[in-house]
Structure formats: C-alpha cells, structure tokens
>>> print(open('entry_33.txt').read())   # compact mmCIF, C-alpha atoms and all ligand atoms
# COMPACT_ATOMS: atom_id res chain seq x y z
CA MET A 8 76.56 83.93 123.64
CA THR A 9 74.73 85.93 120.94
CA ALA A 10 72.14 83.91 119.02
CA GLU A 11 72.63 84.00 115.23
CA PRO A 12 69.45 85.18 113.50
CA LEU A 13 67.75 82.48 111.43
CA ARG A 14 68.29 83.44 107.81
CA PRO A 15 66.73 81.68 104.81
CA PRO A 16 69.34 79.48 103.05
CA GLY A 17 71.15 81.29 100.28
CA SER A 18 70.15 84.73 101.56
CA PRO A 19 72.73 87.44 100.83
CA GLU A 20 75.26 88.79 103.31
CA ARG A 21 74.15 91.52 105.67
CA SER A 22 73.92 94.97 104.09
CA SER A 23 74.88 97.93 106.25
CA ILE A 24 72.39 99.97 108.22
CA PRO A 25 71.85 103.43 106.70
CA ARG A 26 73.55 106.22 108.61
CA ASN A 27 71.34 108.20 110.97
CA PRO A 28 70.35 111.33 109.01
CA GLY A 29 70.22 113.22 112.32
CA ARG A 30 74.01 113.46 112.25
CA HIS A 31 73.89 115.99 109.43
CA GLU A 32 72.54 119.51 109.55
CA LEU A 33 70.22 119.51 106.54
CA GLY A 34 68.82 123.02 106.88
CA MET A 35 65.22 121.81 107.08
CA ARG A 36 62.76 122.65 109.85
CA ALA A 37 59.55 121.18 111.24
CA THR A 38 57.62 123.38 113.64
CA LEU A 39 54.46 122.40 115.45
CA LEU A 40 52.09 125.26 114.59
CA PHE A 41 49.12 123.85 116.48
CA PRO A 42 48.37 122.84 119.22
CA ASP A 43 50.56 124.33 121.93
CA ARG A 44 51.43 122.52 125.13
CA GLU A 45 48.57 124.14 127.07
CA ILE A 46 45.93 122.86 124.64
CA VAL A 47 47.45 119.40 124.49
CA ASP A 48 47.67 119.23 128.31
CA ARG A 49 44.15 120.46 128.82
CA TYR A 50 42.20 118.81 126.00
CA TYR A 51 43.98 116.16 123.96
CA VAL A 52 44.28 113.32 126.45
CA PRO A 53 40.77 113.98 127.94
CA LEU A 54 39.28 114.09 124.43
CA ILE A 55 40.89 110.82 123.33
CA TYR A 56 39.94 109.31 126.69
CA THR A 57 36.32 110.42 126.11
CA ALA A 58 36.29 108.75 122.70
CA CYS A 59 37.67 105.52 124.18
CA ARG A 60 35.47 105.54 127.29
CA THR A 61 32.26 106.29 125.39
CA CYS A 62 32.52 102.82 123.85
CA TYR A 63 32.32 101.16 127.28
CA SER A 64 30.19 103.55 129.34
CA GLU A 65 26.54 104.33 129.99
CA LEU A 66 27.53 107.96 130.58
CA ASP A 67 27.07 110.61 127.90
CA PRO A 68 30.28 111.80 126.23
CA ASP A 69 29.94 115.32 127.71
CA GLU A 70 29.80 113.87 131.24
CA ILE A 71 32.84 111.67 130.56
CA MET A 72 34.74 114.67 129.18
CA ALA A 73 33.75 116.83 132.19
CA ARG A 74 35.09 114.16 134.58
CA ALA A 75 38.28 113.84 132.59
CA LEU A 76 38.80 117.61 132.46
CA ASP A 77 38.22 118.31 136.15
CA GLY A 78 40.44 115.48 137.36
CA ARG A 79 37.70 113.16 138.68
CA VAL A 80 39.31 110.64 136.38
CA ASP A 81 42.99 110.39 137.23
CA PRO A 82 45.06 111.53 134.20
CA ALA A 83 47.28 108.43 134.68
CA LYS A 84 44.17 106.24 134.31
CA GLN A 85 43.20 108.18 131.17
CA ARG A 86 46.63 107.55 129.67
CA GLU A 87 46.50 103.89 130.64
CA LEU A 88 43.20 103.34 128.80
CA ILE A 89 44.44 105.28 125.77
CA GLY A 90 47.64 103.20 125.69
CA ARG A 91 45.66 99.96 125.74
CA VAL A 92 43.25 101.11 123.05
CA ILE A 93 46.06 102.25 120.74
CA GLU A 94 47.92 99.00 121.31
CA SER A 95 44.77 97.09 120.34
CA GLY A 96 44.59 99.00 117.05
CA HIS A 97 41.28 100.80 117.74
CA GLY A 98 42.53 103.72 115.70
CA SER A 99 39.38 105.83 115.27
CA THR A 100 39.73 107.02 118.89
CA ILE A 101 42.87 108.95 118.03
CA GLU A 102 41.48 110.54 114.89
CA HIS A 103 39.79 113.18 117.08
CA VAL A 104 43.01 115.14 117.68
CA VAL A 105 45.16 116.83 115.05
CA PHE A 106 48.65 118.31 114.75
CA SER A 107 49.63 121.02 112.25
CA PHE A 108 53.27 121.38 111.24
CA GLY A 109 55.11 124.06 109.32
CA ILE A 110 57.71 122.23 107.25
CA SER A 111 60.39 124.30 105.56
CA GLY A 112 63.55 123.82 103.58
CA VAL A 113 62.82 120.26 102.48
CA SER A 114 63.59 119.12 98.94
CA ARG A 115 60.97 118.42 96.29
CA THR A 116 62.27 114.84 96.47
CA LEU A 117 60.98 114.70 100.02
CA SER A 118 57.71 116.50 99.39
CA HIS A 119 56.88 114.11 96.55
CA GLN A 120 57.15 111.22 99.00
CA LEU A 121 55.31 113.02 101.79
CA VAL A 122 52.20 113.85 99.78
CA ARG A 123 51.77 110.18 98.88
CA HIS A 124 50.05 109.85 102.28
CA ARG A 125 46.34 110.29 101.66
CA ALA A 126 44.31 109.20 104.68
CA GLY A 127 43.82 111.66 107.56
CA VAL A 128 46.33 114.22 106.35
CA ALA A 129 46.10 117.59 104.56
CA PHE A 130 48.88 119.48 102.78
CA ASP A 131 49.40 122.97 101.42
CA GLN A 132 52.64 123.53 99.54
CA GLN A 133 54.51 126.58 98.29
CA SER A 134 53.57 127.08 94.65
CA GLN A 135 56.17 127.06 91.89
CA ARG A 136 53.59 128.79 89.68
CA TYR A 137 52.86 131.81 91.84
CA VAL A 138 56.17 132.27 93.64
CA LYS A 139 58.93 133.83 91.58
CA PHE A 140 62.10 132.39 93.08
CA LYS A 141 64.85 135.00 93.14
CA GLY A 142 67.23 132.77 95.03
CA ALA A 143 65.86 129.23 95.05
CA SER A 144 67.92 127.11 97.41
CA THR A 145 68.67 123.41 97.18
CA MET A 146 69.50 120.39 99.32
CA THR A 147 72.80 118.56 98.89
CA PRO A 148 72.84 114.91 100.02
CA ALA A 149 75.71 114.10 102.42
CA THR A 150 77.03 111.42 100.03
CA ILE A 151 77.50 114.08 97.38
CA ALA A 152 78.82 116.73 99.81
CA GLU A 153 81.44 114.15 100.88
CA ALA A 154 82.13 112.82 97.37
CA ASP A 155 85.37 113.58 95.56
CA ASP A 156 85.90 117.20 94.59
CA ASP A 157 85.30 116.69 90.88
CA LEU A 158 81.92 114.99 91.34
CA ARG A 159 80.79 117.51 93.93
CA ASP A 160 81.82 120.41 91.69
CA ARG A 161 79.90 118.91 88.77
CA PHE A 162 76.83 118.49 90.99
CA ASP A 163 77.06 122.12 92.16
CA GLU A 164 77.60 123.32 88.61
CA HIS A 165 74.59 121.37 87.38
CA ILE A 166 72.35 122.80 90.12
CA ARG A 167 73.67 126.35 89.55
CA GLY A 168 73.09 125.90 85.81
CA GLY A 169 69.44 124.88 86.33
CA LEU A 170 68.73 127.74 88.72
CA GLY A 171 70.58 130.21 86.50
CA LEU A 172 68.56 129.14 83.48
CA TYR A 173 65.35 129.52 85.52
CA GLY A 174 66.32 133.12 86.33
CA ASP A 175 67.08 133.85 82.65
CA LEU A 176 63.76 132.34 81.52
CA VAL A 177 61.75 134.37 84.04
CA GLU A 178 63.74 137.48 83.07
CA ALA A 179 62.81 136.85 79.44
CA GLY A 180 59.10 136.82 80.36
CA ILE A 181 58.56 133.04 80.47
CA PRO A 182 55.88 132.37 83.11
CA GLY A 183 57.12 130.85 86.36
CA GLU A 184 54.86 127.82 85.79
CA ASP A 185 56.93 126.99 82.69
CA ALA A 186 60.36 128.18 83.83
CA ARG A 187 60.09 125.83 86.83
CA PHE A 188 60.50 122.84 84.52
CA VAL A 189 64.26 123.27 84.88
CA PHE A 190 64.20 123.01 88.69
CA PRO A 191 66.02 119.99 90.06
CA ASN A 192 64.54 117.58 92.63
CA ALA A 193 67.01 119.15 95.07
CA THR A 194 65.02 122.43 95.11
CA ARG A 195 63.80 123.30 98.58
CA THR A 196 60.12 123.84 99.33
CA ASN A 197 57.75 124.65 102.22
CA LEU A 198 54.53 122.96 103.31
CA VAL A 199 51.90 123.02 106.01
CA MET A 200 50.81 119.53 107.02
CA THR A 201 47.86 118.80 109.30
CA THR A 202 47.31 115.24 110.38
CA ASN A 203 45.25 113.38 112.91
CA LEU A 204 47.15 111.31 115.47
CA ARG A 205 46.28 107.99 113.84
CA ALA A 206 47.68 109.07 110.49
CA LEU A 207 50.72 110.61 112.20
CA ILE A 208 51.51 107.33 113.97
CA HIS A 209 51.09 105.45 110.69
CA MET A 210 53.30 107.84 108.73
CA SER A 211 55.94 107.87 111.48
CA GLY A 212 55.92 104.07 111.51
CA LEU A 213 56.89 104.04 107.84
CA ARG A 214 59.15 107.08 107.77
CA LEU A 215 61.13 106.55 111.00
CA CYS A 216 61.99 103.06 109.75
CA THR A 217 65.66 102.77 108.76
CA MET A 218 64.47 101.61 105.32
CA ALA A 219 62.97 105.06 104.68
CA GLN A 220 64.89 107.58 102.61
CA TRP A 221 67.28 109.63 104.80
CA GLU A 222 65.71 113.05 104.28
CA ILE A 223 62.12 112.07 105.08
CA ARG A 224 63.42 110.00 107.97
CA ARG A 225 65.08 113.13 109.34
CA LEU A 226 61.86 115.09 108.88
CA PHE A 227 59.95 112.59 110.99
CA GLN A 228 62.67 112.70 113.66
CA LEU A 229 62.06 116.46 113.85
CA ILE A 230 58.28 115.94 113.90
CA ARG A 231 58.59 113.41 116.71
CA HIS A 232 60.75 115.88 118.64
CA GLU A 233 58.06 118.57 118.25
CA VAL A 234 55.26 116.29 119.48
CA PHE A 235 57.41 115.12 122.39
CA ALA A 236 57.89 118.75 123.41
CA VAL A 237 54.14 119.20 123.91
CA SER A 238 53.34 115.66 125.06
CA PRO A 239 55.92 112.98 125.87
CA PHE A 240 52.99 110.58 126.26
CA LEU A 241 51.55 111.10 122.76
CA GLY A 242 55.06 111.49 121.28
CA SER A 243 55.97 108.04 122.59
CA PHE A 244 53.65 106.48 120.01
CA LEU A 245 55.71 107.89 117.14
CA ALA A 246 58.15 105.08 116.43
CA PRO A 247 59.34 102.87 113.58
CA LYS A 248 56.50 100.45 112.75
CA CYS A 249 58.51 97.45 114.01
CA VAL A 250 58.43 98.80 117.57
CA PRO A 251 54.70 98.30 118.24
CA LEU A 252 54.59 95.27 115.89
CA GLY A 253 57.41 93.52 117.72
CA TYR A 254 59.00 92.38 114.45
CA CYS A 255 60.25 93.82 111.17
CA ASP A 256 58.12 93.16 108.09
CA GLU A 257 60.43 94.80 105.52
CA ALA A 258 61.53 92.37 102.80
CA GLY A 259 64.73 94.41 102.40
CA ASN A 260 65.71 93.62 106.00
CA ARG A 261 65.63 89.82 105.72
CA ASP A 262 69.36 89.93 106.43
CA GLU A 263 68.55 91.80 109.66
CA HIS A 264 71.09 94.52 109.03
CA CYS A 265 68.75 96.76 110.99
CA PRO A 266 68.71 95.33 114.52
CA ILE A 267 65.78 97.24 116.04
CA ARG A 268 63.50 94.19 115.94
CA PRO A 269 63.95 90.64 114.55
CA HIS A 270 62.63 90.03 111.05
CA LYS A 271 59.31 88.22 110.91
CA ASP A 272 61.03 85.26 109.15
CA THR A 273 63.14 84.87 112.30
CA VAL A 274 60.09 85.10 114.55
CA LEU A 275 58.13 82.58 112.47
CA GLY A 276 61.22 80.33 112.27
CA ALA A 277 61.55 80.40 116.07
CA TRP A 278 57.84 79.66 116.42
CA ALA A 279 58.06 76.72 114.00
CA GLU A 280 61.05 75.44 116.00
CA LYS A 281 59.02 75.70 119.20
CA ALA A 282 56.08 73.89 117.58
CA ARG A 283 58.40 71.08 116.40
CA ALA A 284 59.93 70.72 119.89
CA ALA A 285 56.45 70.66 121.48
CA LYS A 286 55.28 68.03 119.01
CA ALA A 287 58.37 65.90 119.67
CA ALA A 288 57.54 66.11 123.40
CA GLY A 289 53.98 64.94 122.68
CA ARG A 290 52.35 68.36 123.04
CA ASP A 291 50.73 70.37 120.24
CA LEU A 292 50.90 74.16 120.19
CA PRO A 293 47.48 75.61 119.44
CA ILE A 294 48.44 76.82 115.95
CA ALA A 295 49.16 75.14 112.65
CA GLU A 296 52.80 74.99 111.53
CA GLY A 297 53.66 77.33 108.66
C1 LIG B 301 60.45 102.71 102.44
C2 LIG B 301 59.41 103.14 101.43
C3 LIG B 301 59.65 102.96 100.08
C4 LIG B 301 58.70 103.35 99.13
N1 LIG B 301 58.97 103.17 97.80
C5 LIG B 301 58.05 103.55 96.88
C6 LIG B 301 58.31 103.39 95.48
O1 LIG B 301 59.36 102.91 95.08
N2 LIG B 301 57.39 103.79 94.59
C7 LIG B 301 56.17 104.33 95.01
O2 LIG B 301 55.35 104.65 94.15
N3 LIG B 301 55.93 104.51 96.31
C8 LIG B 301 56.81 104.13 97.26
N4 LIG B 301 56.53 104.32 98.59
C9 LIG B 301 55.25 104.95 98.96
C10 LIG B 301 54.23 103.92 99.44
O3 LIG B 301 53.93 102.97 98.44
C11 LIG B 301 52.93 104.62 99.88
O4 LIG B 301 52.32 105.24 98.76
C12 LIG B 301 53.17 105.68 100.92
O5 LIG B 301 54.03 105.21 101.91
C13 LIG B 301 51.83 106.10 101.52
O6 LIG B 301 51.46 105.16 102.51
P1 LIG B 301 50.04 104.48 102.60
O7 LIG B 301 49.70 103.76 101.35
O8 LIG B 301 50.03 103.69 103.86
O9 LIG B 301 49.05 105.71 102.58
P2 LIG B 301 48.29 106.56 103.68
O10 LIG B 301 47.53 107.59 102.99
O11 LIG B 301 49.26 107.03 104.72
O12 LIG B 301 47.23 105.55 104.23
C14 LIG B 301 47.12 105.08 105.54
C15 LIG B 301 46.43 103.74 105.49
O13 LIG B 301 45.06 103.94 105.12
C16 LIG B 301 44.63 102.87 104.29
N5 LIG B 301 44.26 103.42 102.97
C17 LIG B 301 44.56 104.65 102.50
N6 LIG B 301 44.02 104.83 101.27
C18 LIG B 301 43.39 103.68 100.99
C19 LIG B 301 42.65 103.23 99.87
N7 LIG B 301 42.47 103.99 98.80
N8 LIG B 301 42.12 102.00 99.91
C20 LIG B 301 42.28 101.20 100.98
N9 LIG B 301 42.98 101.55 102.08
C21 LIG B 301 43.53 102.78 102.08
C22 LIG B 301 45.80 101.89 104.19
O14 LIG B 301 45.68 100.93 105.22
C23 LIG B 301 46.99 102.78 104.44
O15 LIG B 301 48.12 102.08 104.94
C24 LIG B 301 57.47 103.93 99.54
C25 LIG B 301 57.23 104.12 100.92
C26 LIG B 301 58.18 103.74 101.86
C27 LIG B 301 57.88 103.96 103.32
>>> encode(input="entry_33.txt", output="structure tokens")
Amino acid sequence: MTAEPLRPPGSPERSSIPRNPGRHELGMRATLLFPDREIVDRYYVPLIYTACRTCYSELDPDEIMARALDGRVDPAKQRELIGRVIESGHGSTIEHVVFSFGISGVSRTLSHQLVRHRAGVAFDQQSQRYVKFKGASTMTPATIAEADDDLRDRFDEHIRGGLGLYGDLVEAGIPGEDARFVFPNATRTNLVMTTNLRALIHMSGLRLCTMAQWEIRRLFQLIRHEVFAVSPFLGSFLAPKCVPLGYCDEAGNRDEHCPIRPHKDTVLGAWAEKARAAKAAGRDLPIAEG
C-alpha cells in the first residue's frame, strides 16, 4: 500500500511536475574548459583531501599532499573523508578547486538568472555593446514551438521584427549599445563561468531542482554531465538540493507534485506523529513538539 503524503488541510490539488527539459534539443552547450580529466585525477581529490586532513593532523599540508599524491593514502580513503566532510557542511574545504565552463547558445533570460549567483563564481559574458550581431539567434521555448500555428507564427514574427529592426538601426549608424535595446529576452548569448566546487554544488542544488526554470535546469544537467566526465566522484555531489537534505524545502512543492523527496511538512508531520505515539506510550522523544 502506498502511504498518502500528509498535506496541510485545505491545500490545493497536486500540480504537475514540469517536463524534463533534457527531452528537447535546445541548441545550448556547456563545455568544461578547465580542468581536464588528468588534472582532476591527479590533483583535485588529493588537494581537497589535504584541506580536510590538515584540520585533524599534526602533519604539515605539504606532507599530507605528498602522501595523497604518491598513493601512501589510499584514494578510496581520501574520497571517504571528503564525502564525510561535504556531508557535514564543512564547505571551505571544497573551495580550493575550481571548474571553468564555456556556456554558449543560452538565452538572455537564462543568463540573467545565472549571474544572480555571487559567491565563489566569476562570469564573463559576450558584450552586446562591442559585438555587432549580423545574425543574432534566439531560443524558442518548447511550449511556444508546440503552440498552435497562429501563436507560433506571431512569436516568430515578433522575434524577426526585433532582430530586423536591430539590423536597420545598426545600418543607420546607431551604436550597437543602443540598437540592442530592441533585442528580446530570447536572444542567445555566450559566457565563461568559473566556480569553486562549493558554489557549484550550491548552484546545482537550486538549479537542478524541478522548481527551477526549464532552460537553466537544462544548463545544469549539461554542467553535471561535464563534471561527471572528468570525475564521477565529484560529479555525484551535483544534485537537486533535496537530495543531500533528505527533504524538499520548496513552498511551491507542498502538494508534493515533485516526488524526489518528501516535503519538510510531511517529515515534520511524521515526526510529530512519532512524538505523540511515544508520549502516549509513556516515552518522550528528546525534542520538543512543533
Ligand atoms: C526556483 C528559483 C526561483 C527564483 N525566483 C526569483 C525571483 O522571482 N526573483 C528574483 O529576484 N530572484 C529569484 N531567484 C534568484 C534567487 O533569489 C537568488 O538570487 C539566486 O538563486 C542566487 O542564489 P543565492 O542567493 O544562494 O546566491 P549565491 O551567490 O549563489 O550565494 C551562495 C550562498 O552564499 C551566501 N551569500 C551570498 N551572498 C551573501 C550575502 N551578501 N550575505 C549573506 N550571505 C550571502 C548565501 O548563503 C547564499 O545562499 C530564484 C531562484 C530560484 C532557484
């Protein structure tokens, strides 16, 4: 029998889970520019291990690193310590390694969201002042691509109109920095993003969540794929935030339409139920009831 999730009284019916953006070819790319697999294999795990181990060792960091590099410390043991430290939230240890991505063909809608991340991440983005776009390209959301012909035609016409006007303005000598005001959010752009592992895990936690907007969610699926290719171990930490938390903390998922993890209301409800049962049996759980 499947247990019904505990839902607050009067809460709305389940909404549907957003479609996986991976099903559509969006024409965007994320490429890991640095490091390559060799560097990750040789240095990344030993370096993070050294940062973790330094906290608990009398040895100097260079000695710890030397032991990690030459195999005196079993790589499996290094990974085990790193896993425990990450799980415990000691995040500074993973700020010592960085990943640089080339991101291309994403919309300005996406880039506006991406650059909201501030801590531990650097961006450089294609300029709409200095680049004269001869053939600016755009992103079409699947809902619009699959909409009825009339709506889709009007969307295409609107986009073509904006880009056409841009071309005419530039042709007439209007500077690119002013002509760009007619560009739609759908306009594609390129960025380089460098981020330390802590920030990358944090961003992935938010952006791989099914509550994230489809395009940025797809970008982080591609990013996770790239990190996995150089290190399945480090890539395994890139997951929706509910995975390491063990519960979902998104208010918009109180109806639990996304089933990856139970909502925290459900978890707290189950805990309160357990506390009540323990109390009725004459035992107190060592926490206060909510
Ligand atoms: C599903 C979703 C919907 C969103 N909707 C909106 C929206 O409607 N409107 C909108 O404006 N934004 C929206 N955002 C953006 C969101 O509010 C954040 O700005 C964005 O996700 C960046 O995350 P962050 O704040 O964790 O920043 P990061 O820079 O990634 O910071 C990482 C962490 O460092 C710490 N930190 C960073 N800077 C500071 C600081 N100055 N002081 C203290 N601690 C700090 C925080 O713990 C923070 O979580 C949305 C994001 C998501 C994922």
>>> atom_distance(input="entry_33.txt", atom1="atom CA of Val104 of chain A", atom2="atom CA of Ala75 of chain A")
15.7 Å
>>> residues_around(input="entry_33.txt", residues="Gly183 of chain A", least_positions_apart="3", cutoff="8 Å", atoms="all atoms listed in the file", output="MDAnalysis selection string")
chainID A and resid 135:139 177 186:187
>>> residues_around(input="entry_33.txt", residues="Glu257 of chain A", least_positions_apart="5", cutoff="9 Å", atoms="all atoms listed in the file", output="ChimeraX atom specification")
/A:218,270-271
>>> residues_near_ligand(input="entry_33.txt", ligand="ligand LIG 301 (chain B)", cutoff="6 Å", atoms="all atoms listed in the file", output="list in words")
Arg123, His124, Arg125, Ala126, Met210, Leu213, Arg214, Met218 and Ala219 of chain A
>>> residues_near_point(input="entry_33.txt", point="(53.6, 120.5, 122.5)", cutoff="8 Å", atoms="only C-alpha atoms", output="mmCIF file with C-alpha atoms, in the frame of the given file")
data_model
loop_
_atom_site.group_PDB
_atom_site.id
_atom_site.type_symbol
_atom_site.label_atom_id
_atom_site.label_comp_id
_atom_site.auth_asym_id
_atom_site.auth_seq_id
_atom_site.Cartn_x
_atom_site.Cartn_y
_atom_site.Cartn_z
ATOM 1 C CA LEU A 39 54.460 122.400 115.450
ATOM 2 C CA PRO A 42 48.370 122.840 119.220
ATOM 3 C CA ASP A 43 50.560 124.330 121.930
ATOM 4 C CA ARG A 44 51.430 122.520 125.130
ATOM 5 C CA GLU A 45 48.570 124.140 127.070
ATOM 6 C CA VAL A 47 47.450 119.400 124.490
ATOM 7 C CA GLU A 233 58.060 118.570 118.250
ATOM 8 C CA VAL A 234 55.260 116.290 119.480
ATOM 9 C CA PHE A 235 57.410 115.120 122.390
ATOM 10 C CA ALA A 236 57.890 118.750 123.410
ATOM 11 C CA VAL A 237 54.140 119.200 123.910
ATOM 12 C CA SER A 238 53.340 115.660 125.060
#
>>> atom_distance(input="entry_33.txt", atom1="atom CA of Asp157 of chain A", atom2="atom CA of Phe188 of chain A")
26.3 Å
>>> residues_around(input="entry_33.txt", residues="His103 of chain A", least_positions_apart="4", cutoff="12 Å", atoms="all atoms listed in the file", output="PyMOL selection string")
chain A and resi 50-59+98-99+127+202-206
>>> residues_near_point(input="entry_33.txt", point="(68.5, 117.6, 100.5)", cutoff="9 Å", atoms="only C-alpha atoms", output="list in words")
Leu33, Gly34, Met35, Gly112, Val113, Ser114, Arg115, Thr116, Leu117, Thr145, Met146, Thr147, Pro148, Ala149, Asn192, Ala193, Thr194, Arg195 and Glu222 of chain A
>>> atom_distance(input="entry_33.txt", atom1="atom CA of Phe190 of chain A", atom2="atom CA of Glu178 of chain A")
15.5 Å
>>> residues_around(input="entry_33.txt", residues="Lys248 of chain A", least_positions_apart="3", cutoff="7 Å", atoms="only C-alpha atoms", output="PyMOL selection string")
chain A and resi 212-213+216+251-252
>>> decode(input="entry_33.txt", residues="segment 208-233 of chain A", atoms="N, CA, C and O atoms", output="PDB file, in the first residue's frame")
ATOM      1  N   ILE A 208      28.160  23.213  -6.229  1.00  0.00           N
ATOM      2  CA  ILE A 208      27.195  22.320  -5.575  1.00  0.00           C
ATOM      3  C   ILE A 208      25.961  23.119  -5.152  1.00  0.00           C
ATOM      4  O   ILE A 208      24.818  22.687  -5.339  1.00  0.00           O
ATOM      5  N   HIS A 209      26.202  24.319  -4.618  1.00  0.00           N
ATOM      6  CA  HIS A 209      25.074  25.164  -4.187  1.00  0.00           C
ATOM      7  C   HIS A 209      24.184  25.545  -5.383  1.00  0.00           C
ATOM      8  O   HIS A 209      22.957  25.401  -5.340  1.00  0.00           O
ATOM      9  N   MET A 210      24.827  26.023  -6.439  1.00  0.00           N
ATOM     10  CA  MET A 210      24.048  26.431  -7.625  1.00  0.00           C
ATOM     11  C   MET A 210      23.294  25.241  -8.217  1.00  0.00           C
ATOM     12  O   MET A 210      22.131  25.349  -8.596  1.00  0.00           O
ATOM     13  N   SER A 211      23.968  24.090  -8.289  1.00  0.00           N
ATOM     14  CA  SER A 211      23.317  22.900  -8.855  1.00  0.00           C
ATOM     15  C   SER A 211      22.131  22.488  -7.996  1.00  0.00           C
ATOM     16  O   SER A 211      21.097  22.060  -8.520  1.00  0.00           O
ATOM     17  N   GLY A 212      22.285  22.626  -6.674  1.00  0.00           N
ATOM     18  CA  GLY A 212      21.187  22.287  -5.766  1.00  0.00           C
ATOM     19  C   GLY A 212      19.933  23.069  -6.095  1.00  0.00           C
ATOM     20  O   GLY A 212      18.822  22.532  -6.109  1.00  0.00           O
ATOM     21  N   LEU A 213      20.117  24.365  -6.398  1.00  0.00           N
ATOM     22  CA  LEU A 213      18.968  25.216  -6.730  1.00  0.00           C
ATOM     23  C   LEU A 213      18.483  24.984  -8.152  1.00  0.00           C
ATOM     24  O   LEU A 213      17.285  24.966  -8.426  1.00  0.00           O
ATOM     25  N   ARG A 214      19.419  24.826  -9.076  1.00  0.00           N
ATOM     26  CA  ARG A 214      19.055  24.855 -10.500  1.00  0.00           C
ATOM     27  C   ARG A 214      18.732  23.479 -11.079  1.00  0.00           C
ATOM     28  O   ARG A 214      18.177  23.402 -12.172  1.00  0.00           O
ATOM     29  N   LEU A 215      19.098  22.397 -10.383  1.00  0.00           N
ATOM     30  CA  LEU A 215      18.668  21.062 -10.837  1.00  0.00           C
ATOM     31  C   LEU A 215      17.316  20.702 -10.243  1.00  0.00           C
ATOM     32  O   LEU A 215      16.685  19.718 -10.640  1.00  0.00           O
ATOM     33  N   CYS A 216      16.876  21.504  -9.289  1.00  0.00           N
ATOM     34  CA  CYS A 216      15.556  21.310  -8.659  1.00  0.00           C
ATOM     35  C   CYS A 216      14.474  21.444  -9.741  1.00  0.00           C
ATOM     36  O   CYS A 216      14.587  22.274 -10.643  1.00  0.00           O
ATOM     37  N   THR A 217      13.423  20.643  -9.635  1.00  0.00           N
ATOM     38  CA  THR A 217      12.372  20.700 -10.657  1.00  0.00           C
ATOM     39  C   THR A 217      11.590  22.011 -10.591  1.00  0.00           C
ATOM     40  O   THR A 217      10.822  22.317 -11.502  1.00  0.00           O
ATOM     41  N   MET A 218      11.799  22.802  -9.526  1.00  0.00           N
ATOM     42  CA  MET A 218      11.148  24.110  -9.437  1.00  0.00           C
ATOM     43  C   MET A 218      11.903  25.159 -10.261  1.00  0.00           C
ATOM     44  O   MET A 218      11.407  26.262 -10.466  1.00  0.00           O
ATOM     45  N   ALA A 219      13.137  24.841 -10.657  1.00  0.00           N
ATOM     46  CA  ALA A 219      13.916  25.812 -11.428  1.00  0.00           C
ATOM     47  C   ALA A 219      13.347  25.944 -12.839  1.00  0.00           C
ATOM     48  O   ALA A 219      12.690  25.029 -13.348  1.00  0.00           O
ATOM     49  N   GLN A 220      13.628  27.067 -13.461  1.00  0.00           N
ATOM     50  CA  GLN A 220      13.130  27.308 -14.821  1.00  0.00           C
ATOM     51  C   GLN A 220      13.795  26.305 -15.779  1.00  0.00           C
ATOM     52  O   GLN A 220      14.960  25.939 -15.611  1.00  0.00           O
ATOM     53  N   TRP A 221      13.046  25.827 -16.785  1.00  0.00           N
ATOM     54  CA  TRP A 221      13.489  24.698 -17.602  1.00  0.00           C
ATOM     55  C   TRP A 221      14.853  24.909 -18.276  1.00  0.00           C
ATOM     56  O   TRP A 221      15.662  24.001 -18.386  1.00  0.00           O
ATOM     57  N   GLU A 222      15.123  26.134 -18.729  1.00  0.00           N
ATOM     58  CA  GLU A 222      16.343  26.326 -19.517  1.00  0.00           C
ATOM     59  C   GLU A 222      17.580  26.252 -18.619  1.00  0.00           C
ATOM     60  O   GLU A 222      18.575  25.610 -18.958  1.00  0.00           O
ATOM     61  N   ILE A 223      17.506  26.892 -17.463  1.00  0.00           N
ATOM     62  CA  ILE A 223      18.671  26.873 -16.563  1.00  0.00           C
ATOM     63  C   ILE A 223      18.822  25.478 -15.947  1.00  0.00           C
ATOM     64  O   ILE A 223      19.930  25.026 -15.660  1.00  0.00           O
ATOM     65  N   ARG A 224      17.697  24.802 -15.808  1.00  0.00           N
ATOM     66  CA  ARG A 224      17.754  23.424 -15.305  1.00  0.00           C
ATOM     67  C   ARG A 224      18.514  22.552 -16.303  1.00  0.00           C
ATOM     68  O   ARG A 224      19.375  21.743 -15.949  1.00  0.00           O
ATOM     69  N   ARG A 225      18.211  22.754 -17.580  1.00  0.00           N
ATOM     70  CA  ARG A 225      18.907  22.003 -18.631  1.00  0.00           C
ATOM     71  C   ARG A 225      20.403  22.329 -18.622  1.00  0.00           C
ATOM     72  O   ARG A 225      21.248  21.454 -18.765  1.00  0.00           O
ATOM     73  N   LEU A 226      20.721  23.621 -18.433  1.00  0.00           N
ATOM     74  CA  LEU A 226      22.135  24.009 -18.407  1.00  0.00           C
ATOM     75  C   LEU A 226      22.868  23.238 -17.308  1.00  0.00           C
ATOM     76  O   LEU A 226      23.963  22.707 -17.529  1.00  0.00           O
ATOM     77  N   PHE A 227      22.247  23.157 -16.134  1.00  0.00           N
ATOM     78  CA  PHE A 227      22.944  22.471 -15.039  1.00  0.00           C
ATOM     79  C   PHE A 227      22.968  20.950 -15.231  1.00  0.00           C
ATOM     80  O   PHE A 227      23.875  20.290 -14.714  1.00  0.00           O
ATOM     81  N   GLN A 228      22.045  20.422 -16.014  1.00  0.00           N
ATOM     82  CA  GLN A 228      22.158  18.995 -16.387  1.00  0.00           C
ATOM     83  C   GLN A 228      23.401  18.795 -17.253  1.00  0.00           C
ATOM     84  O   GLN A 228      24.149  17.831 -17.092  1.00  0.00           O
ATOM     85  N   LEU A 229      23.620  19.746 -18.181  1.00  0.00           N
ATOM     86  CA  LEU A 229      24.803  19.647 -19.054  1.00  0.00           C
ATOM     87  C   LEU A 229      26.085  19.815 -18.241  1.00  0.00           C
ATOM     88  O   LEU A 229      27.080  19.116 -18.466  1.00  0.00           O
ATOM     89  N   ILE A 230      26.056  20.770 -17.300  1.00  0.00           N
ATOM     90  CA  ILE A 230      27.226  21.022 -16.445  1.00  0.00           C
ATOM     91  C   ILE A 230      27.547  19.774 -15.614  1.00  0.00           C
ATOM     92  O   ILE A 230      28.702  19.351 -15.512  1.00  0.00           O
ATOM     93  N   ARG A 231      26.507  19.181 -15.057  1.00  0.00           N
ATOM     94  CA  ARG A 231      26.726  17.963 -14.257  1.00  0.00           C
ATOM     95  C   ARG A 231      27.341  16.861 -15.123  1.00  0.00           C
ATOM     96  O   ARG A 231      28.259  16.169 -14.707  1.00  0.00           O
ATOM     97  N   HIS A 232      26.861  16.747 -16.351  1.00  0.00           N
ATOM     98  CA  HIS A 232      27.379  15.746 -17.280  1.00  0.00           C
ATOM     99  C   HIS A 232      28.877  15.978 -17.522  1.00  0.00           C
ATOM    100  O   HIS A 232      29.683  15.035 -17.544  1.00  0.00           O
ATOM    101  N   GLU A 233      29.256  17.239 -17.695  1.00  0.00           N
ATOM    102  CA  GLU A 233      30.667  17.577 -17.943  1.00  0.00           C
ATOM    103  C   GLU A 233      31.538  17.222 -16.740  1.00  0.00           C
ATOM    104  O   GLU A 233      32.645  16.714 -16.891  1.00  0.00           O
TER     105      GLU A 233
END
